[in-house]
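Data from model-v4.txt: compact mmCIF, C-alpha atoms
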```
# COMPACT_ATOMS: atom_id res chain seq x y z
CA MET A 1 25.16 15.29 -21.41
CA THR A 2 26.34 14.16 -17.99
CA VAL A 3 24.14 11.70 -16.20
CA LYS A 4 24.47 9.72 -12.98
CA LEU A 5 24.12 5.99 -13.51
CA VAL A 6 23.28 3.89 -10.44
CA TYR A 7 23.44 0.12 -10.15
CA PHE A 8 21.96 -2.31 -7.65
CA ALA A 9 22.23 -5.91 -6.47
CA TRP A 10 24.16 -8.28 -8.77
CA LEU A 11 24.56 -5.60 -11.44
CA ARG A 12 26.39 -3.43 -8.92
CA GLU A 13 28.63 -6.37 -8.00
CA ARG A 14 29.38 -7.30 -11.61
CA PHE A 15 30.16 -3.71 -12.59
CA GLY A 16 32.26 -3.29 -9.45
CA MET A 17 30.65 0.06 -8.57
CA GLY A 18 27.39 1.46 -7.24
CA GLU A 19 27.33 4.59 -9.37
CA GLU A 20 29.22 6.63 -11.91
CA GLN A 21 28.94 10.02 -13.59
CA ILE A 22 29.04 9.57 -17.35
CA ASP A 23 29.06 11.77 -20.40
CA LEU A 24 26.77 9.78 -22.64
CA PRO A 25 27.62 9.57 -26.34
CA VAL A 26 25.22 11.70 -28.43
CA THR A 27 23.97 8.54 -30.14
CA VAL A 28 22.43 7.36 -26.85
CA LYS A 29 18.85 8.64 -26.99
CA THR A 30 16.80 5.79 -25.50
CA ILE A 31 17.28 3.14 -22.81
CA SER A 32 17.79 0.61 -25.57
CA ASP A 33 20.60 2.80 -27.02
CA LEU A 34 22.13 2.97 -23.56
CA PHE A 35 22.17 -0.84 -23.36
CA ASP A 36 23.72 -1.04 -26.85
CA TRP A 37 26.45 1.30 -25.67
CA PHE A 38 26.97 -0.77 -22.49
CA GLU A 39 27.72 -3.76 -24.68
CA THR A 40 30.78 -1.89 -25.99
CA ARG A 41 32.16 -1.15 -22.52
CA GLY A 42 34.01 -4.40 -21.89
CA GLU A 43 33.51 -7.94 -20.77
CA GLU A 44 31.56 -7.42 -17.54
CA PHE A 45 29.12 -5.00 -19.17
CA GLU A 46 28.65 -7.31 -22.10
CA ALA A 47 27.99 -10.25 -19.77
CA VAL A 48 25.38 -8.30 -17.80
CA MET A 49 23.71 -7.13 -21.00
CA GLU A 50 22.99 -10.75 -21.90
CA HIS A 51 20.13 -10.22 -19.44
CA ARG A 52 18.99 -6.94 -20.98
CA LYS A 53 15.44 -8.16 -21.59
CA ILE A 54 14.77 -8.60 -17.87
CA ILE A 55 16.85 -5.70 -16.59
CA GLN A 56 14.77 -2.87 -15.16
CA VAL A 57 15.30 0.85 -15.37
CA ALA A 58 14.22 3.91 -13.43
CA ILE A 59 14.71 7.44 -14.73
CA ASP A 60 14.92 10.05 -11.98
CA GLN A 61 13.57 7.47 -9.52
CA GLU A 62 10.49 6.45 -11.53
CA HIS A 63 10.07 3.09 -13.23
CA VAL A 64 10.36 2.95 -17.01
CA GLN A 65 8.45 0.06 -18.61
CA ASP A 66 9.55 0.46 -22.22
CA GLN A 67 13.20 0.36 -23.26
CA ALA A 68 12.31 2.62 -26.20
CA THR A 69 11.74 5.44 -23.67
CA LEU A 70 13.76 8.58 -24.39
CA ILE A 71 16.37 9.48 -21.80
CA GLY A 72 15.76 13.19 -22.42
CA ASP A 73 17.35 15.38 -19.77
CA ALA A 74 17.44 12.69 -17.10
CA LYS A 75 19.72 13.40 -14.16
CA GLU A 76 19.80 9.87 -12.76
CA ILE A 77 19.29 6.54 -14.46
CA ALA A 78 19.11 3.43 -12.27
CA ILE A 79 19.64 -0.04 -13.69
CA PHE A 80 18.78 -3.13 -11.67
CA PRO A 81 17.51 -6.71 -11.71
CA PRO A 82 13.83 -7.55 -11.01
CA MET A 83 12.96 -6.52 -7.46
CA THR A 84 12.65 -8.99 -4.59
CA GLY A 85 11.50 -6.98 -1.58
CA GLY A 86 8.70 -7.64 0.87
CA MET B 1 -5.42 13.95 -0.98
CA SER B 2 -6.13 14.40 2.69
CA ILE B 3 -4.96 10.97 3.89
CA LYS B 4 -1.20 10.76 3.87
CA PRO B 5 0.48 7.33 3.85
CA ASP B 6 3.11 6.85 6.56
CA ILE B 7 6.00 5.08 4.80
CA ARG B 8 9.38 4.40 6.38
CA ILE B 9 12.51 2.61 5.21
CA GLN B 10 14.71 1.79 8.16
CA GLN B 11 17.35 -0.55 9.50
CA GLU B 12 15.82 -1.04 12.93
CA ASP B 13 12.93 -3.32 13.90
CA PHE B 14 9.39 -2.03 14.37
CA ASP B 15 6.76 -2.32 17.09
CA ILE B 16 3.50 -3.51 15.53
CA ASN B 17 1.30 -2.43 18.44
CA ALA B 18 2.79 1.06 18.50
CA GLU B 19 2.21 1.37 14.76
CA ILE B 20 -1.44 0.26 15.06
CA LYS B 21 -1.93 2.82 17.82
CA LYS B 22 -0.66 5.62 15.57
CA LEU B 23 -3.46 4.87 13.11
CA THR B 24 -6.25 4.35 15.63
CA GLN B 25 -5.64 6.39 18.77
CA GLY B 26 -8.10 9.19 19.42
CA ARG B 27 -10.43 8.37 16.55
CA THR B 28 -13.83 6.72 16.38
CA ASP B 29 -14.24 6.25 12.61
CA VAL B 30 -11.87 3.29 12.29
CA GLY B 31 -13.77 0.00 12.38
CA ALA B 32 -11.13 -2.27 10.89
CA VAL B 33 -7.36 -2.67 11.09
CA VAL B 34 -5.49 -5.22 8.99
CA THR B 35 -1.78 -5.75 9.61
CA PHE B 36 0.56 -7.85 7.54
CA SER B 37 4.11 -8.52 8.60
CA GLY B 38 6.67 -10.42 6.59
CA LEU B 39 9.50 -12.27 8.34
CA CYS B 40 12.80 -13.77 7.26
CA ARG B 41 12.59 -17.56 6.84
CA GLY B 42 15.48 -19.84 7.73
CA GLU B 43 14.76 -22.13 4.73
CA GLY B 44 15.30 -25.27 6.80
CA ASP B 45 18.24 -23.78 8.72
CA THR B 46 20.25 -23.24 5.52
CA LEU B 47 20.19 -19.45 5.83
CA SER B 48 22.01 -17.36 8.41
CA ALA B 49 20.58 -14.08 7.14
CA LEU B 50 19.08 -12.14 4.28
CA GLU B 51 20.72 -8.91 3.27
CA LEU B 52 18.27 -6.31 1.98
CA GLU B 53 19.57 -3.70 -0.42
CA HIS B 54 17.40 -0.76 -1.48
CA TYR B 55 17.41 2.31 -3.67
CA PRO B 56 17.31 5.19 -1.17
CA GLY B 57 14.74 7.81 -2.08
CA MET B 58 13.01 5.76 -4.75
CA ALA B 59 12.11 2.92 -2.36
CA GLU B 60 10.11 5.32 -0.21
CA ALA B 61 8.69 7.26 -3.19
CA GLU B 62 7.49 4.10 -4.93
CA ILE B 63 5.74 2.71 -1.84
CA ILE B 64 4.08 6.11 -1.33
CA ARG B 65 2.81 5.99 -4.94
CA ILE B 66 1.34 2.50 -4.38
CA ALA B 67 -0.15 3.45 -1.00
CA GLU B 68 -1.83 6.54 -2.48
CA GLN B 69 -3.47 4.37 -5.12
CA GLY B 70 -4.66 2.02 -2.37
CA ILE B 71 -6.18 4.85 -0.33
CA GLU B 72 -8.06 6.09 -3.38
CA ARG B 73 -9.16 2.69 -4.66
CA PHE B 74 -10.38 1.15 -1.39
CA GLY B 75 -11.35 4.25 0.57
CA LEU B 76 -8.86 3.60 3.34
CA LEU B 77 -8.75 5.79 6.44
CA GLY B 78 -5.03 5.22 6.90
CA ILE B 79 -2.11 3.18 5.66
CA SER B 80 1.42 2.67 6.96
CA ALA B 81 4.29 0.59 5.72
CA ILE B 82 7.74 -0.02 7.14
CA HIS B 83 10.38 -1.87 5.14
CA ARG B 84 13.69 -2.76 6.74
CA TYR B 85 17.06 -2.96 5.04
CA GLY B 86 20.45 -4.38 5.99
CA LYS B 87 21.15 -7.82 7.42
CA ILE B 88 18.08 -9.58 8.79
CA GLU B 89 18.21 -12.97 10.51
CA PRO B 90 15.64 -15.78 10.31
CA GLY B 91 12.69 -15.02 12.56
CA GLU B 92 13.17 -11.26 12.34
CA ASN B 93 10.73 -8.82 10.78
CA ILE B 94 11.31 -7.53 7.24
CA VAL B 95 8.17 -5.61 6.35
CA LEU B 96 5.00 -4.27 7.95
CA VAL B 97 1.84 -3.02 6.29
CA ILE B 98 -1.18 -1.68 8.18
CA ALA B 99 -4.42 -0.54 6.55
CA THR B 100 -7.43 0.95 8.32
CA SER B 101 -10.99 1.56 7.15
CA PRO B 102 -14.56 1.75 8.46
CA HIS B 103 -15.30 -1.88 7.44
CA ARG B 104 -13.03 -4.90 7.10
CA GLN B 105 -13.00 -5.62 3.36
CA ALA B 106 -11.30 -2.35 2.40
CA SER B 107 -8.51 -2.95 4.92
CA PHE B 108 -7.93 -6.55 3.80
CA ASP B 109 -7.84 -5.44 0.16
CA GLY B 110 -5.71 -2.37 0.85
CA ALA B 111 -3.02 -4.31 2.72
CA ASN B 112 -3.04 -7.09 0.10
CA PHE B 113 -2.83 -4.59 -2.79
CA LEU B 114 0.07 -2.71 -1.21
CA MET B 115 2.03 -5.92 -0.58
CA ASP B 116 1.45 -7.28 -4.08
CA PHE B 117 2.74 -4.11 -5.73
CA LEU B 118 5.50 -3.56 -3.19
CA LYS B 119 6.97 -6.99 -4.02
CA THR B 120 7.37 -6.25 -7.71
CA ARG B 121 7.74 -2.46 -7.84
CA ALA B 122 9.53 -1.27 -4.68
CA PRO B 123 13.28 -1.24 -5.35
CA PHE B 124 14.57 -3.80 -2.83
CA TRP B 125 16.77 -6.82 -3.48
CA LYS B 126 17.54 -9.78 -1.21
CA LYS B 127 20.84 -11.57 -0.98
CA GLU B 128 21.18 -14.83 0.91
CA HIS B 129 23.86 -15.48 3.52
CA LEU B 130 24.26 -19.20 4.09
CA ALA B 131 24.48 -21.03 7.40
CA THR B 132 27.83 -22.43 6.20
CA GLY B 133 29.23 -18.91 6.47
CA LYS B 134 29.37 -18.48 2.71
CA GLU B 135 27.79 -15.67 0.80
CA GLY B 136 24.87 -17.05 -1.17
CA ASP B 137 23.07 -15.84 -4.25
CA TRP B 138 20.75 -12.96 -4.94
CA VAL B 139 17.16 -14.13 -4.61
CA ASP B 140 15.39 -14.53 -7.97
CA ALA B 141 12.14 -12.73 -8.63
CA LYS B 142 9.17 -15.11 -8.69
CA ASP B 143 6.65 -15.33 -11.54
CA ALA B 144 3.99 -15.91 -8.87
CA ASP B 145 4.61 -12.37 -7.60
CA ASP B 146 4.00 -10.95 -11.08
CA ASP B 147 0.92 -13.13 -11.48
CA ALA B 148 -0.45 -11.82 -8.19
CA LEU B 149 -0.82 -8.38 -9.79
CA HIS B 150 -3.38 -9.61 -12.31
CA LYS B 151 -6.10 -9.84 -9.72
CA TRP B 152 -5.98 -6.05 -9.34
CA GLU B 153 -6.64 -5.37 -13.01
CA GLU B 154 -9.91 -3.54 -13.38
```

Would you mind writing the structure in this file as structure tokens?
Amino acid sequence: MTVKLVYFAWLRERFGMGEEQIDLPVTVKTISDLFDWFETRGEEFEAVMEHRKIIQVAIDQEHVQDQATLIGDAKEIAIFPPMTGG
Amino acid sequence: MSIKPDIRIQQEDFDINAEIKKLTQGRTDVGAVVTFSGLCRGEGDTLSALELEHYPGMAEAEIIRIAEQGIERFGLLGISAIHRYGKIEPGENIVLVIATSPHRQASFDGANFLMDFLKTRAPFWKKEHLATGKEGDWVDAKDADDDALHKWEE
């Protein structure tokens, strides 16, 4: 399944890109699985995933509260630090 | 829902009086207007600017979702919000919220509610640019902003 991953703020800087199109491994079914897989993608990903408890996710532009949420047929998954607008 | 929130994400500054007029002109049912605007602080002259990053599409959609809840919950007659992005210098506007209603309490509550949820749920991030010319850090989220949401629990 191909999905667009988008990154913001310091995650974007650490990953060195704002977005990527990825064929997710079939084992990646939930957000938590996605983070597990990130940890295998090299040093920068591993370093960012040290903060996985506070990292926030939106699937198709809607917030996801629980990292056990199924990715399903998501088209776009955004990953970002806690928001600081206003 | 008949009342549609007017939500804009833009780089340019806004005109508060013009925005109030849009919500009040030609109507006689509005008895109260509350405006909140948030500005960039210089933090004791240590900052040269804040850089606001946002998630295009979702930023607008999320503020609309919050504003619609506010309309419903407080019986607002109108609500607008403008959030700027890009580089913003100390003293400049960052965000504007305007709520209107027949009586004052609904407008106060509506504007307060929208700001509290916008701070923790609208996808914006601030990066500091220092007066020394160096790029500073990303601003950390504050626990106080999360705590502020508790007062809206029913």

Within 10 Å of chain A, which residues of chain B show up when using all atoms listed in the file, listed as an NGL selection string? :B and (37-40 or 52-59 or 61-62 or 82-85 or 94-97 or 115-127 or 137-142 or 145)

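Among the candidate residues B:Gln11, B:Glu43, B:Ser101, B:Ile88, the one lying nearest to Leu23 of chain B is B:Ser101, with distances computed using only C-alpha atoms.
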
Do you have the atom CA of Thr2 of chain A-atom CA of Ile54 of chain A distance handy? 25.5 Å

Kindly give the distance, in Å, that separates atom CA of Ala81 of chain B and atom CA of Leu149 of chain B, rounded to a single decimal. 18.6 Å

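Separating atom CA of Glu154 of chain B from atom CA of Gln67 of chain A is a distance of 25.4 Å.
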